[in-house]
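A.B. asks: Below: one structure in structure tokens.
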Protein chains: 2
Amino acid sequence: MNKPERKSVDLDKVPEHTISRLSLYLRGLNYLEEQGVLTVSSEALARHFGLNAAQIRKDLAYFGDFGVRGVGYNVIELREHLRDILGLNRNWRVALFGLGNLGRALLSYRGFSKAGFNIAVVFEASPEIVAQGEIHGIPIRPIDQAKQLLPELGVQMAILTVPATAAQEVANSVVEAGVGAILNFAPLPLQLPPEIKVRSVDLTVNLENLSYFLHSS
Amino acid sequence: MNKPERKSVDLDKVPEHTISRLSLYLRGLNYLEEQGVLTVSSEALARHFGLNAAQIRKDLAYFGDFGVRGVGYNVIELREHLRDILGLNRNWRVALFGLGNLGRALLSYRGFSKAGFNIAVVFEASPEIVAQGEIHGIPIRPIDQAKQLLPELGVQMAILTVPATAAQEVANSVVEAGVGAILNFAPLPLQLPPEIKVRSVDLTVNLENLSYFLHSS
């Protein structure tokens, strides 16, 4: 059996939805590996996870020729390829902004370290919280030191759990400090230069959506 | 000045994206109200929050005729109308499934009660955790009692933070117990009847997306 070939990829040409689906495929492959499954066809992957087989083949084709005709994909090999493509076998230095309920919750969320995101520093506006010095061994610093400390600490991504009224200002200073990616939990769309990668998680929108459907049914 | 008129609305005809944008408009109006702004035009709303003025007018037109020509929207009135439309002035009984890190974090997330979601019961698989009896005054019950207790407690929505391997089975039993809405944090798409309203929050997909962009840039 030939080793699967990784293509040299023009990453700008890969659609964002493909990247999101790679995460779903990876989830599926992790699950199959736990169940002891060794090889899987795109049809079986699709059936298992409510996805589309043609779409799976097309998404993977951006990155190489991974399957073996008539056999399917080797589960462990494909998983490792997807982890490489997604950059999950590397570590990223992350700064958390805001240590309210959500910020504290995220500090104990193991999904961050599983994805290779290591929280190196926490920034807070409240002097009382900064005075605690650290949380779970991570230093807490005043938010007005962020611009200086972010480059010194080599931070590559910022997680924002600050209040909506502060989010845009904090995002601006993060970008000025050279950080290229933001995970935004503040319930407000951020206005940032197009080269900055932003993902927003708005629990409230999801909750209000469900409230609407309960209310209207 | 005339009172804004609420239309009688065929709610099945309102696009889901409109409902999500109503949440954003509500966020914007809350912010403007805190800043002491009394009236606002759709253009100003759009500029403030990176939205589209024509889209704002079209979205609101599904529900009634809220603005006054040449004046704009009364901030407090429009906010209360949006809260009514989204069902946020009502209370919903919610069951939380799974008391791991994320489940515990969500218990202290104040956004739930702000949206009128009251967590009435927690279901857990681990006998040790069930033996604690309660958390923050909310009873913890074994997960195999859910089917019986959900209707007894009048639960209308379930929040799933169980492991991916358990999520589909738990979702099935929730649906069999007559619950019509699910907020899913398990990293797996759920296969459910079309009349069940599901919103999925997958932090991992967002993290891996950012990892990919950091990795590829």
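Residue numbering restarts at 1 for every chain of the structure tokens, chains are lettered A, B, ... in their displayed order, and ligands are numbered from 1 as they appear.
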I'd like the neighbourhood of Ser173 in chain B as a compact mmCIF listing (two decimals) with N, CA, C and O atoms, in the first residue's frame, where a residue qualifies if any of its atoms comes within 8 Å (using only C-alpha atoms), though same-chain residues fewer than 3 positions away should be ignored.
C.D. replies:
# COMPACT_ATOMS: atom_id res chain seq x y z
N ALA B 146 -34.06 10.44 33.89
CA ALA B 146 -34.44 11.64 33.13
C ALA B 146 -35.79 11.50 32.46
O ALA B 146 -36.64 12.39 32.53
N LYS B 147 -36.02 10.33 31.82
CA LYS B 147 -37.24 10.14 31.04
C LYS B 147 -38.48 10.30 31.92
O LYS B 147 -39.51 10.83 31.47
N GLU B 169 -27.55 9.21 22.45
CA GLU B 169 -28.47 8.42 23.27
C GLU B 169 -29.23 9.33 24.25
O GLU B 169 -30.45 9.21 24.41
N VAL B 170 -28.50 10.25 24.88
CA VAL B 170 -29.15 11.18 25.80
C VAL B 170 -30.16 12.05 25.06
O VAL B 170 -31.30 12.24 25.51
N GLU B 176 -37.79 11.70 23.54
CA GLU B 176 -38.89 10.79 23.90
C GLU B 176 -39.66 11.29 25.12
O GLU B 176 -40.84 11.00 25.26
N ALA B 177 -38.98 12.04 25.98
CA ALA B 177 -39.64 12.58 27.18
C ALA B 177 -40.41 13.87 26.86
O ALA B 177 -40.99 14.48 27.75
A.B. asks: Mind checking which residues fall within 12 Å of Leu96 in chain A, counting only C-alpha atoms, ignoring those fewer than 3 positions away in the same chain, and posting them as number ranges by chain?
C.D. replies: A: 93, 99-100, 102-107, 112, 117-124, 135, 138-143, 146, 150, 155-162, 170-171, 174, 182-185
A.B. asks: Only residues of chain A matter here; which ones have an atom within 6 Å of chain B, counting only C-alpha atoms? Give them as a list in words.
C.D. replies: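 Output check: Ser20, Ser23, Leu86, Gly87, Ala105, Val205, Ser211, Tyr212 and His215 of chain A.
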A.B. asks: Report the distance between CA of Asn172 in chain B and CA of Leu149 in chain B in Å, rounded to one decimal place.
C.D. replies: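 Computed distance, CA of Asn172 in chain B to CA of Leu149 in chain B, equals 15.0 Å.
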A.B. asks: Would you mind listing what lies within 8 Å of range 66-75 of chain A as a short mmCIF file (atom, residue, chain, number, x, y, z; two decimals) with N, CA, C and O atoms, in the first residue's frame, with only C-alpha atoms counted and same-chain residues fewer than 3 positions away left out?
C.D. replies:
data_model
loop_
_atom_site.label_atom_id
_atom_site.label_comp_id
_atom_site.auth_asym_id
_atom_site.auth_seq_id
_atom_site.Cartn_x
_atom_site.Cartn_y
_atom_site.Cartn_z
N PRO A 4 -0.07 7.63 1.91
CA PRO A 4 -0.88 8.73 1.40
C PRO A 4 0.00 9.95 1.12
O PRO A 4 0.92 10.24 1.89
N GLU A 5 -0.28 10.64 0.06
CA GLU A 5 0.51 11.80 -0.34
C GLU A 5 -0.12 13.09 0.16
O GLU A 5 -1.31 13.30 -0.05
N ARG A 6 0.69 13.93 0.80
CA ARG A 6 0.21 15.28 1.13
C ARG A 6 0.52 16.20 -0.02
O ARG A 6 1.65 16.24 -0.51
N LEU A 29 -13.22 10.66 13.41
CA LEU A 29 -12.11 9.71 13.37
C LEU A 29 -11.64 9.36 14.78
O LEU A 29 -11.32 8.20 15.07
N LEU A 32 -14.12 6.83 16.01
CA LEU A 32 -13.95 5.52 15.38
C LEU A 32 -12.71 4.83 15.94
O LEU A 32 -12.72 3.61 16.16
N GLU A 33 -11.64 5.59 16.15
CA GLU A 33 -10.42 4.99 16.68
C GLU A 33 -10.67 4.41 18.08
O GLU A 33 -10.25 3.29 18.37
N VAL A 37 -12.05 0.89 15.19
CA VAL A 37 -12.21 0.80 13.73
C VAL A 37 -10.89 1.18 13.06
O VAL A 37 -10.28 2.19 13.42
N LEU A 38 -10.42 0.37 12.11
CA LEU A 38 -9.10 0.61 11.49
C LEU A 38 -9.20 1.37 10.17
O LEU A 38 -8.38 2.24 9.91
N THR A 39 -10.17 1.00 9.32
CA THR A 39 -10.35 1.73 8.06
C THR A 39 -11.82 2.11 7.93
O THR A 39 -12.71 1.45 8.50
N VAL A 40 -12.07 3.17 7.17
CA VAL A 40 -13.44 3.65 7.01
C VAL A 40 -13.60 4.27 5.63
O VAL A 40 -12.67 4.93 5.13
N SER A 41 -14.73 4.03 4.97
CA SER A 41 -15.00 4.66 3.67
C SER A 41 -15.61 6.04 3.91
O SER A 41 -16.14 6.31 4.99
N SER A 42 -15.54 6.91 2.88
CA SER A 42 -16.17 8.23 3.04
C SER A 42 -17.68 8.05 3.23
O SER A 42 -18.31 8.80 3.98
N LEU A 60 -11.24 16.70 1.52
CA LEU A 60 -9.92 16.10 1.75
C LEU A 60 -9.01 16.28 0.54
O LEU A 60 -7.78 16.40 0.69
N ALA A 61 -9.61 16.34 -0.66
CA ALA A 61 -8.81 16.45 -1.88
C ALA A 61 -8.02 17.75 -1.94
O ALA A 61 -7.02 17.85 -2.67
N LEU A 78 -5.30 9.06 8.70
CA LEU A 78 -6.07 10.24 8.29
C LEU A 78 -6.22 11.22 9.47
O LEU A 78 -6.11 12.43 9.30
N ARG A 79 -6.41 10.65 10.66
CA ARG A 79 -6.53 11.51 11.84
C ARG A 79 -5.26 12.34 12.04
O ARG A 79 -5.30 13.54 12.29
#
A.B. asks: According to DSSP computed on the backbone, where in range 33-204 of chain B is there strand (DSSP E)? Give the residues as a VMD selection string.
C.D. replies: chain B and resid 39 to 40 64 to 65 73 to 74 92 to 97 117 to 124 134 to 135 138 to 142 157 to 160 181 to 184 197 to 200
A.B. asks: What is the CA of Gly98 in chain B-CA of Ala125 in chain B distance in Å, reported with one decimal?
C.D. replies: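 Computing the Euclidean distance for CA of Gly98 in chain B and CA of Ala125 in chain B yields 7.4 Å.
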A.B. asks: I need the residues of range 69-143 of chain A that end up classed as alpha helix (DSSP H) by DSSP on the backbone, written out as a PyMOL selection string.
C.D. replies: chain A and resi 75-85+101-107+111-114+127-131
A.B. asks: Quote the spacing between CA of Gly178 in chain A and CA of Glu152 in chain A in Å to one decimal place.
C.D. replies: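 Between these atoms lies a distance of 10.9 Å.
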